[in-house]
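Enquirer: Contents of work_2.txt (compact mmCIF, C-alpha atoms) are below:
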```txt
# COMPACT_ATOMS: atom_id res chain seq x y z
CA MET A 1 1.56 54.93 48.46
CA ASP A 2 0.64 57.26 51.35
CA ALA A 3 2.86 58.05 54.31
CA GLY A 4 1.10 55.50 56.54
CA SER A 5 1.69 52.72 54.03
CA ARG A 6 5.34 53.70 53.61
CA SER A 7 5.72 53.74 57.40
CA GLY A 8 4.11 50.29 57.72
CA ALA A 9 6.30 48.85 54.95
CA GLY A 10 9.40 50.32 56.59
CA LYS A 11 8.50 48.73 59.93
CA ALA A 12 7.85 45.36 58.28
CA SER A 13 11.19 45.57 56.48
CA ARG A 14 13.02 46.38 59.70
CA ARG A 15 11.23 43.53 61.46
CA GLY A 16 12.44 41.16 58.69
CA ASP A 17 15.99 42.50 59.00
CA ASP A 18 15.87 42.12 62.77
CA ALA A 19 14.55 38.56 62.44
CA GLY A 20 17.33 37.71 60.00
CA ARG A 21 19.96 39.04 62.37
CA ALA A 22 18.35 37.23 65.31
CA THR A 23 18.41 33.83 63.56
CA GLY A 24 21.85 34.31 62.01
CA ARG A 25 20.49 33.63 58.53
CA GLU A 26 21.12 35.27 55.20
CA PRO A 27 18.77 34.71 52.30
CA ARG A 28 19.58 31.25 50.88
CA ILE A 29 22.51 31.58 48.44
CA PRO A 30 23.57 28.45 46.55
CA LEU A 31 26.98 27.06 47.45
CA PRO A 32 29.65 26.81 44.74
CA SER A 33 29.29 23.49 42.88
CA GLU A 34 32.49 22.04 44.38
CA LEU A 35 31.03 22.37 47.90
CA ARG A 36 27.54 20.99 47.35
CA TYR A 37 28.04 17.24 47.69
CA SER A 38 30.43 16.55 50.58
CA ALA A 39 31.61 18.06 53.85
CA PHE A 40 33.88 21.09 53.56
CA SER A 41 35.85 23.32 55.90
CA VAL A 42 35.04 26.94 56.55
CA ALA A 43 38.50 27.79 55.20
CA GLU A 44 37.72 26.01 51.91
CA ALA A 45 34.42 27.86 51.63
CA ARG A 46 36.01 31.25 52.26
CA ALA A 47 38.66 30.49 49.62
CA ALA A 48 35.84 29.66 47.19
CA GLY A 49 34.26 33.08 47.78
CA VAL A 50 31.53 32.15 50.26
CA SER A 51 30.79 35.04 52.63
CA ARG A 52 30.99 34.77 56.39
CA GLY A 53 27.29 35.61 56.57
CA ARG A 54 26.41 32.74 54.23
CA LEU A 55 28.43 30.36 56.41
CA ARG A 56 26.31 31.35 59.41
CA ASN A 57 23.27 29.98 57.60
CA ARG A 58 21.90 27.03 59.56
CA THR A 59 20.84 25.04 56.50
CA GLU A 60 24.20 23.18 56.53
CA GLY A 61 25.08 20.68 59.24
CA ARG A 62 27.90 21.45 61.69
CA PRO A 63 29.29 18.14 62.94
CA PHE A 64 32.59 19.73 64.05
CA HIS A 65 33.91 23.21 64.64
CA GLY A 66 35.00 24.65 61.29
CA VAL A 67 33.13 22.05 59.20
CA ARG A 68 29.91 22.35 57.21
CA VAL A 69 27.90 19.55 55.61
CA PRO A 70 25.61 20.43 52.68
CA GLU A 71 21.92 19.77 53.05
CA VAL A 72 20.93 16.63 51.12
CA PRO A 73 17.81 17.36 49.03
CA SER A 74 14.89 14.97 49.44
CA ALA A 75 14.09 12.71 46.52
CA PRO A 76 10.64 12.89 44.87
CA GLY A 77 8.00 10.85 46.66
CA GLU A 78 10.06 10.81 49.87
CA ILE A 79 12.14 7.89 48.61
CA ASP A 80 14.79 8.72 51.20
CA ARG A 81 12.26 8.26 53.99
CA LEU A 82 11.15 4.89 52.65
CA LEU A 83 14.49 3.41 51.70
CA GLY A 84 16.83 5.17 54.08
CA LEU A 85 19.87 7.31 53.48
CA HIS A 86 21.42 6.88 50.01
CA GLY A 87 18.76 4.33 49.06
CA ALA A 88 19.67 1.90 51.83
CA ARG A 89 17.52 -1.23 51.87
CA ASP A 90 16.86 -1.30 55.61
CA GLU A 91 17.38 0.62 58.84
CA PHE A 92 20.66 -1.13 59.64
CA GLU A 93 22.15 -0.24 56.26
CA ALA A 94 20.86 3.33 56.59
CA LEU A 95 22.53 3.60 60.01
CA THR A 96 25.78 2.30 58.56
CA GLU A 97 25.74 4.91 55.80
CA ARG A 98 24.87 7.70 58.20
CA MET A 99 27.74 6.89 60.56
CA ARG A 100 30.16 6.52 57.67
CA ASP A 101 29.14 9.98 56.50
CA LEU A 102 29.77 11.30 60.02
CA ASP A 103 33.29 9.86 60.01
CA ARG A 104 34.05 11.29 56.57
CA SER A 105 32.74 14.72 57.61
CA TYR A 106 35.87 15.07 59.76
CA LEU A 107 38.13 14.79 56.69
CA PRO A 108 38.19 18.54 55.82
CA ILE A 109 39.95 19.39 59.09
CA MET A 110 42.05 16.22 59.52
CA SER A 111 45.78 16.94 59.41
CA ALA A 112 48.20 14.86 57.35
CA VAL A 113 49.73 13.17 60.41
CA ARG A 114 46.40 11.77 61.61
CA ALA A 115 44.28 8.85 60.43
CA PHE A 116 40.97 7.21 61.21
CA GLY A 117 41.39 4.37 63.68
CA GLY A 118 39.40 1.83 65.64
CA VAL A 119 35.64 2.16 65.25
CA SER A 120 35.76 4.83 62.51
CA ALA A 121 38.24 2.88 60.36
CA ALA A 122 36.11 -0.25 60.70
CA ARG A 123 32.97 1.67 59.69
CA LEU A 124 34.69 3.15 56.65
CA CYS A 125 35.84 -0.34 55.61
CA GLY A 126 32.34 -1.77 56.10
CA LEU A 127 33.55 -4.35 58.63
CA PRO A 128 31.16 -6.02 61.10
CA LEU A 129 30.74 -4.17 64.38
CA PRO A 130 28.26 -4.62 67.23
CA LEU A 131 25.39 -2.16 67.16
CA ARG A 132 26.69 -0.26 70.19
CA LEU A 133 29.83 0.72 68.22
CA LEU A 134 28.21 1.07 64.84
CA ARG A 135 26.00 3.86 66.17
CA ASP A 136 28.71 5.47 68.33
CA PRO A 137 28.48 9.21 67.47
CA THR A 138 32.20 9.73 68.10
CA VAL A 139 34.81 9.93 65.34
CA HIS A 140 37.88 7.86 66.26
CA VAL A 141 41.27 9.21 65.19
CA ILE A 142 44.83 7.93 65.72
CA VAL A 143 48.03 9.95 65.87
CA PRO A 144 51.68 8.84 66.12
CA LYS A 145 52.92 8.94 69.71
CA GLY A 146 54.50 12.32 70.39
CA ARG A 147 52.16 14.25 68.09
CA ASN A 148 49.43 16.49 69.47
CA PRO A 149 46.07 14.70 69.38
CA PRO A 150 42.94 16.62 68.32
CA ARG A 151 40.75 17.86 71.14
CA ALA A 152 37.59 18.65 69.21
CA ARG A 153 34.19 17.83 70.65
CA GLY A 154 32.90 14.56 69.19
CA VAL A 155 36.41 13.25 68.41
CA SER A 156 38.28 10.56 70.34
CA ALA A 157 42.05 10.44 69.73
CA ARG A 158 44.44 7.60 70.51
CA SER A 159 48.24 7.76 70.36
CA VAL A 160 49.96 4.85 68.61
CA PRO A 161 53.63 3.99 69.25
CA ALA A 162 55.87 4.42 66.21
CA ARG A 163 56.60 0.67 65.98
CA PHE A 164 52.90 -0.03 65.33
CA TRP A 165 52.10 2.99 63.16
CA SER A 166 50.83 1.80 59.77
CA VAL A 167 48.15 3.54 57.72
CA GLN A 168 46.77 3.33 54.20
CA ALA A 169 44.47 5.27 51.90
CA LEU A 170 40.82 4.38 51.37
CA ARG A 171 38.84 6.56 48.99
CA GLY A 172 40.63 9.72 49.95
CA ALA A 173 40.79 8.96 53.68
CA SER A 174 43.81 7.83 55.68
CA ILE A 175 42.90 4.86 57.89
CA ALA A 176 44.69 2.40 60.16
CA ALA A 177 46.13 -0.56 58.25
CA PRO A 178 44.10 -3.77 58.75
CA GLU A 179 46.56 -5.35 61.20
CA LEU A 180 46.69 -2.21 63.34
CA LEU A 181 42.91 -1.80 63.14
CA TYR A 182 42.42 -5.37 64.40
CA CYS A 183 44.70 -4.74 67.39
CA LEU A 184 43.22 -1.34 68.22
CA LEU A 185 39.70 -2.77 68.44
CA ALA A 186 40.70 -5.44 70.97
CA ARG A 187 40.03 -2.82 73.65
CA ASP A 188 36.40 -2.48 72.52
CA LEU A 189 35.34 -5.94 71.29
CA SER A 190 34.70 -9.31 72.88
CA VAL A 191 36.52 -12.41 71.64
CA ARG A 192 33.54 -13.43 69.52
CA GLU A 193 33.26 -9.93 68.03
CA LEU A 194 36.99 -9.92 67.26
CA VAL A 195 36.61 -13.23 65.42
CA GLN A 196 33.84 -11.73 63.31
CA LEU A 197 36.07 -8.77 62.51
CA GLY A 198 39.09 -10.95 61.74
CA ASP A 199 37.10 -13.34 59.53
CA ALA A 200 35.88 -10.33 57.54
CA LEU A 201 39.42 -8.96 57.20
CA VAL A 202 40.83 -12.20 55.76
CA SER A 203 37.82 -13.28 53.69
CA GLU A 204 38.41 -13.39 49.94
CA ALA A 205 34.67 -13.42 49.26
CA GLY A 206 33.76 -10.67 46.83
CA ASN A 207 30.21 -10.66 48.19
CA TYR A 208 31.05 -10.22 51.89
CA PRO A 209 28.06 -8.12 53.08
CA GLY A 210 28.74 -4.45 53.68
CA ARG A 211 32.49 -4.59 53.13
CA THR A 212 33.77 -1.61 51.15
CA LEU A 213 36.40 -3.52 49.17
CA PRO A 214 35.59 -6.87 47.50
CA TRP A 215 38.80 -8.69 48.43
CA ALA A 216 40.74 -9.85 51.49
CA LEU A 217 42.22 -6.88 53.37
CA THR A 218 44.94 -8.97 55.00
CA SER A 219 45.78 -12.60 55.81
CA ARG A 220 45.63 -14.76 58.92
CA GLU A 221 49.41 -14.99 58.91
CA ARG A 222 49.79 -11.21 58.99
CA LEU A 223 47.25 -10.90 61.80
CA VAL A 224 49.08 -13.55 63.81
CA ALA A 225 52.34 -11.61 63.40
CA ALA A 226 50.64 -8.36 64.42
CA VAL A 227 49.13 -9.96 67.51
CA ASP A 228 52.50 -11.42 68.53
CA ALA A 229 54.04 -7.93 68.29
CA TRP A 230 51.13 -6.48 70.32
CA ALA A 231 52.04 -8.50 73.42
CA GLY A 232 51.69 -6.44 76.57
CA CYS A 233 49.36 -3.87 74.99
CA ALA A 234 45.63 -3.36 75.65
CA GLY A 235 43.59 -6.41 74.66
CA ALA A 236 46.57 -8.68 73.91
CA ALA A 237 45.11 -11.75 75.65
CA ARG A 238 41.77 -11.27 73.93
CA LEU A 239 43.53 -10.98 70.57
CA ARG A 240 45.43 -14.23 71.11
CA ALA A 241 42.20 -16.05 71.96
CA ALA A 242 40.39 -14.66 68.92
CA THR A 243 43.14 -15.08 66.34
CA GLY A 244 43.31 -18.83 66.90
CA LEU A 245 39.61 -19.01 65.94
CA LEU A 246 39.88 -17.17 62.61
CA ARG A 247 39.05 -19.15 59.48
CA ASP A 248 39.52 -18.44 55.79
CA GLY A 249 36.62 -18.44 53.34
CA VAL A 250 33.87 -17.08 55.61
CA GLU A 251 31.28 -15.11 53.64
CA SER A 252 29.28 -13.29 56.32
CA PRO A 253 29.50 -12.34 60.01
CA TRP A 254 26.56 -14.62 60.75
CA GLU A 255 28.48 -17.62 59.39
CA THR A 256 31.15 -16.77 61.96
CA VAL A 257 28.60 -16.53 64.78
CA THR A 258 26.94 -19.82 63.82
CA ARG A 259 30.30 -21.61 63.80
CA LEU A 260 31.31 -20.13 67.14
CA VAL A 261 28.05 -20.89 68.99
CA LEU A 262 28.16 -24.49 67.77
CA VAL A 263 31.77 -24.94 68.91
CA GLU A 264 31.12 -23.19 72.25
CA SER A 265 28.27 -25.65 72.87
CA GLY A 266 30.66 -28.60 72.47
CA TYR A 267 29.74 -29.40 68.86
CA PRO A 268 32.67 -30.50 66.62
CA GLU A 269 33.84 -27.60 64.47
CA PRO A 270 32.13 -27.71 61.05
CA ALA A 271 33.93 -27.12 57.75
CA VAL A 272 33.55 -23.62 56.27
CA ASN A 273 31.96 -23.21 52.82
CA PHE A 274 32.20 -26.86 51.85
CA GLN A 275 31.58 -27.70 48.18
CA LEU A 276 28.91 -30.42 48.01
CA MET A 277 29.31 -32.43 44.80
CA SER A 278 27.32 -35.15 43.09
CA GLY A 279 29.88 -36.83 40.87
CA MET A 280 31.28 -33.97 38.79
CA ARG A 281 28.26 -31.75 39.39
CA LYS A 282 28.33 -29.06 42.06
CA ILE A 283 25.19 -29.14 44.19
CA ALA A 284 25.92 -26.30 46.62
CA ARG A 285 28.54 -24.46 48.61
CA LEU A 286 27.46 -24.97 52.20
CA ASP A 287 28.06 -22.25 54.81
CA LEU A 288 29.00 -24.83 57.42
CA ALA A 289 29.17 -28.59 57.00
CA ASP A 290 29.36 -31.40 59.57
CA LEU A 291 31.06 -33.86 57.21
CA ARG A 292 30.75 -36.92 59.44
CA ALA A 293 27.04 -36.49 60.22
CA ARG A 294 26.28 -34.99 56.78
CA ILE A 295 24.52 -31.92 58.17
CA ALA A 296 24.59 -28.52 56.47
CA TYR A 297 24.05 -25.37 58.55
CA GLU A 298 23.20 -22.21 56.63
CA TYR A 299 22.21 -18.76 57.77
CA ASP A 300 19.37 -17.03 55.88
CA GLY A 301 19.50 -13.24 56.08
CA ASP A 302 16.63 -10.95 55.14
CA GLY A 303 17.85 -10.88 51.54
CA HIS A 304 16.78 -14.51 51.17
CA ARG A 305 13.28 -13.57 52.35
CA LYS A 306 12.81 -10.32 50.43
CA ASN A 307 14.17 -11.45 47.08
CA LYS A 308 11.54 -13.66 45.44
CA ARG A 309 13.97 -15.20 42.96
CA GLN A 310 16.48 -15.99 45.71
CA TRP A 311 13.78 -17.55 47.86
CA ARG A 312 12.72 -19.84 45.00
CA LEU A 313 16.32 -20.84 44.34
CA ASP A 314 16.81 -21.57 48.04
CA VAL A 315 13.84 -23.95 48.08
CA THR A 316 15.14 -25.89 45.08
CA ARG A 317 18.68 -25.93 46.45
CA SER A 318 17.52 -27.24 49.83
CA ARG A 319 15.71 -30.10 48.11
CA GLU A 320 18.84 -30.99 46.13
CA ILE A 321 21.00 -30.98 49.26
CA GLN A 322 18.58 -33.33 51.02
CA GLY A 323 18.52 -35.46 47.88
CA GLU A 324 22.20 -36.20 48.53
CA ARG A 325 21.18 -37.63 51.93
CA TRP A 326 22.28 -34.56 53.84
CA SER A 327 20.22 -32.84 56.52
CA HIS A 328 19.83 -29.13 55.71
CA VAL A 329 19.37 -26.81 58.70
CA ARG A 330 18.49 -23.19 57.88
CA LEU A 331 18.85 -20.51 60.55
CA THR A 332 17.73 -16.94 61.08
CA VAL A 333 18.95 -14.28 63.48
CA ALA A 334 16.41 -15.44 66.08
CA ASP A 335 18.25 -18.78 66.38
CA LEU A 336 21.47 -17.02 67.37
CA GLU A 337 20.15 -14.56 69.97
CA PRO A 338 20.88 -15.63 73.56
CA ALA A 339 17.56 -14.25 74.79
CA ALA A 340 15.60 -16.05 72.08
CA GLY A 341 16.44 -19.34 70.37
CA LEU A 342 20.17 -19.94 70.84
CA GLU A 343 19.90 -22.73 73.39
CA THR A 344 17.05 -24.28 71.44
CA PHE A 345 19.16 -24.26 68.25
CA THR A 346 22.31 -25.75 69.80
CA SER A 347 20.32 -28.43 71.62
CA TYR A 348 18.61 -29.32 68.35
CA ALA A 349 21.98 -29.48 66.54
CA HIS A 350 23.41 -31.92 69.11
CA ARG A 351 20.27 -34.08 69.02
CA LEU A 352 20.20 -34.14 65.22
CA ARG A 353 23.86 -35.11 65.05
CA ALA A 354 23.38 -37.96 67.52
CA GLU A 355 20.36 -39.26 65.55
CA ARG A 356 22.18 -39.18 62.23
CA LEU A 357 25.29 -40.86 63.55
CA ALA A 358 23.17 -43.54 65.25
CA GLY A 359 21.15 -44.14 62.09
```
With the file now loaded, output its structure as structure tokens.
Expert:
Amino acid sequence: MDAGSRSGAGKASRRGDDAGRATGREPRIPLPSELRYSAFSVAEARAAGVSRGRLRNRTEGRPFHGVRVPEVPSAPGEIDRLLGLHGARDEFEALTERMRDLDRSYLPIMSAVRAFGGVSAARLCGLPLPLRLLRDPTVHVIVPKGRNPPRARGVSARSVPARFWSVQALRGASIAAPELLYCLLARDLSVRELVQLGDALVSEAGNYPGRTLPWALTSRERLVAAVDAWAGCAGAARLRAATGLLRDGVESPWETVTRLVLVESGYPEPAVNFQLMSGMRKIARLDLADLRARIAYEYDGDGHRKNKRQWRLDVTRSREIQGERWSHVRLTVADLEPAAGLETFTSYAHRLRAERLAG
């Protein structure tokens, strides 16, 4: 190599070094295996032998000061893009997973005297929340009154009096106990939204959609006691109104909404998950049943439409229900949206009931 070539190579090398310093990057060095699959603190990384320079590499996410989140590699064929984060079936499920990951990314720097509360605890439990709270980019933390709350950007802290403080573990995270969670969210939810939340908390259905644990997280009796103790605190009146509307045995948030919109329209409250029998043979378990008028109301989510086998079973089941001289009304989300078909649905329900009782 002649002097000119060596000079050119030296300049190129210096330009590369300068560019590296300007972007704050080091050449990509793999993280230790124990740090590759979940959020970690800078302190944990340093203890594992990761250099300060490597931690300045922008390939990891930085949701909070002192926290890094490993880059998730794309699956072959861009499966992540098609199915959503972690193989989610739709955009709503992908959003739920993404926000749950955000909440959990705070764990590496959460002190032992703090816990997830309110919105974050509900997301980690997979409980129904309105979209405005599900996509809230803030992590919600509770601390016992008298303790210093965190002041990090992207974190909202709430002090809880000692008499209400009750937390439990969920997959390595400390979260507000179900009764406390219910009361905390009264500040953020409407009565109808609180009923959805409460129905999900007390439901024993193992298939309750989205819920992290397949069993009841508390009971109506315990929620009633918690609400009585909450008197005078934020949302107390709203809690009292909602708790009287909770029902056992609900299997989805849309069952709750259907029941509530019918009752709010003046329709007699239907029975929840009624077992329709023909002699000793079980025909169906109906989401909601008007026993006097013999009308079944059932909500069909997208799973009923996308799953070919389920759709075929639904058609046969509907025919069997009608064969027992019941009217079978199937709803979709459009029937329950105020701006779309809600008034049309409730008017139809009242008219159908009047016709069946007259006939």
Enquirer: Quick one, how far is CA of Leu189 (chain A) from CA of Gly266 (chain A)?
Expert: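 These atoms are spaced 23.2 Å apart.
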Enquirer: For a quick check of understanding, using all atoms listed in the file, which of A:Lys145, A:Arg151, A:Leu245, A:Ile175 has the smallest distance to Glu193 (chain A)?
Expert: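 Comparing A:Lys145, A:Arg151, A:Leu245, A:Ile175 against Glu193 (chain A), the winner is A:Leu245.
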Enquirer: Determine, counting only C-alpha atoms, which protein, DNA and RNA residues have an atom within 7 Å of an atom of region 252-263 of chain A; residues of the same chain fewer than 6 positions away are not included. Present the result as a PyMOL selection string.
Expert: chain A and resi 128+196+208-209+269-270+287+299+346
Enquirer: Atoms to include: C-alpha atoms. Write the selected residues as a compact mmCIF listing (two decimals), in the coordinates of the input.
Expert:
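What follows is the written file part26.txt:
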```txt
# COMPACT_ATOMS: atom_id res chain seq x y z
CA PRO A 128 31.16 -6.02 61.10
CA GLN A 196 33.84 -11.73 63.31
CA TYR A 208 31.05 -10.22 51.89
CA PRO A 209 28.06 -8.12 53.08
CA GLU A 269 33.84 -27.60 64.47
CA PRO A 270 32.13 -27.71 61.05
CA ASP A 287 28.06 -22.25 54.81
CA TYR A 299 22.21 -18.76 57.77
CA THR A 346 22.31 -25.75 69.80
```
Enquirer: In Å, rounded to a single decimal, give me how far CA of Gly301 (chain A) is from CA of Asp199 (chain A).
Expert: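 About the pair CA of Asp199 (chain A) and CA of Gly301 (chain A): they are 17.9 Å apart.
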Enquirer: Do you have, as a tab-separated table, the list of residues of region 238-341 of chain A lying at most 8 Å from region 224-233 of chain A, each with its nearest atom pair and that distance in Å to one decimal, counting only C-alpha atoms and ordered by chain then number?
Expert:
```
residue	atom	partner	partner_atom	distance
A:Leu239	CA	A:Val227	CA	6.5
A:Arg240	CA	A:Val227	CA	6.7
A:Thr243	CA	A:Val224	CA	6.6
```
Enquirer: Just give me the gap between CA of Ser159 (chain A) and CA of Ala39 (chain A) in Å, one decimal is fine.
Expert: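 Result for CA of Ser159 (chain A) versus CA of Ala39 (chain A): 25.6 Å, one decimal.
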Enquirer: Which residues, written as a VMD selection string, have at least one atom at most 10 Å from Pro30 (chain A), with all atoms listed in the file counted and residues fewer than 4 positions away on the same chain left out?
Expert: chain A and resid 35 to 36 50 54
Enquirer: Please produce a file of those selected residues containing C-alpha atoms, as a PDB file, in the coordinates of the input.
Expert:
```
ATOM      1  CA  LEU A  35      31.030  22.370  47.900  1.00  0.00           C
ATOM      2  CA  ARG A  36      27.540  20.990  47.350  1.00  0.00           C
ATOM      3  CA  VAL A  50      31.530  32.150  50.260  1.00  0.00           C
ATOM      4  CA  ARG A  54      26.410  32.740  54.230  1.00  0.00           C
TER       5      ARG A  54
END
```
Enquirer: In terms of the shortest atom-to-atom distance over all atoms listed in the file, which of A:Ser219, A:Thr212, A:Ser174, A:Ser156 is closest to Thr96 (chain A)?
Expert: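 Answer, going by the shortest atom-to-atom distance: A:Thr212.
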Enquirer: Closest to Gly279 (chain A) among A:Glu204, A:Asp300, A:Glu324, A:Glu179, using all atoms listed in the file?
Expert: A:Glu324
Enquirer: Have a look at A:Glu71, A:Glu264, A:Leu357, A:Leu127 and name the one nearest to Glu343 (chain A); count only C-alpha atoms.
Expert: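 Looking at the shortest contact to Glu343 (chain A), the residue is A:Glu264.
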Enquirer: Which residues come within 12 Å of Ala177 (chain A), counting all atoms listed in the file, excluding same-chain residues fewer than 6 positions away, as a list of chain:residue names?
Expert: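 Neighbouring residues, sequence-local ones excluded: A:Ala115, A:Phe116, A:Gly117, A:Gly118, A:Ala121, A:Ala122, A:Cys125, A:Ile142, A:Phe164, A:Trp165, A:Ser166, A:Val167, A:Gln168, A:Ala169, A:Leu170, A:Cys183, A:Leu184, A:Leu201, A:Leu217, A:Thr218, A:Arg222, A:Leu223, A:Ala226.
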Enquirer: If we count all atoms listed in the file, what is near Arg238 (chain A) at a cut-off of 9 Å, once residues fewer than 4 positions away on the same chain are taken out, given as a PDB file with C-alpha atoms, in the frame of the given file?
Expert:
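Saved as around_18.pdb:
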```
ATOM      1  CA  ALA A 186      40.700  -5.440  70.970  1.00  0.00           C
ATOM      2  CA  ARG A 187      40.030  -2.820  73.650  1.00  0.00           C
ATOM      3  CA  LEU A 189      35.340  -5.940  71.290  1.00  0.00           C
ATOM      4  CA  SER A 190      34.700  -9.310  72.880  1.00  0.00           C
ATOM      5  CA  VAL A 191      36.520 -12.410  71.640  1.00  0.00           C
ATOM      6  CA  LEU A 194      36.990  -9.920  67.260  1.00  0.00           C
ATOM      7  CA  ALA A 234      45.630  -3.360  75.650  1.00  0.00           C
ATOM      8  CA  ALA A 242      40.390 -14.660  68.920  1.00  0.00           C
ATOM      9  CA  THR A 243      43.140 -15.080  66.340  1.00  0.00           C
TER      10      THR A 243
END
```
Enquirer: Taking into account all atoms listed in the file, which residue in the set A:Arg158, A:Arg68, A:Arg58, A:Arg281 is nearest to Ser105 (chain A)?
Expert: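 Of the candidates, the smallest distance to Ser105 (chain A) is held by A:Arg68.
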Enquirer: Determine the nearest neighbour of Leu95 (chain A) from the options A:Arg123, A:Lys282, A:Arg153, A:Arg294, counting all atoms listed in the file.
Expert: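 Smallest separation from Leu95 (chain A) among the options: A:Arg123.
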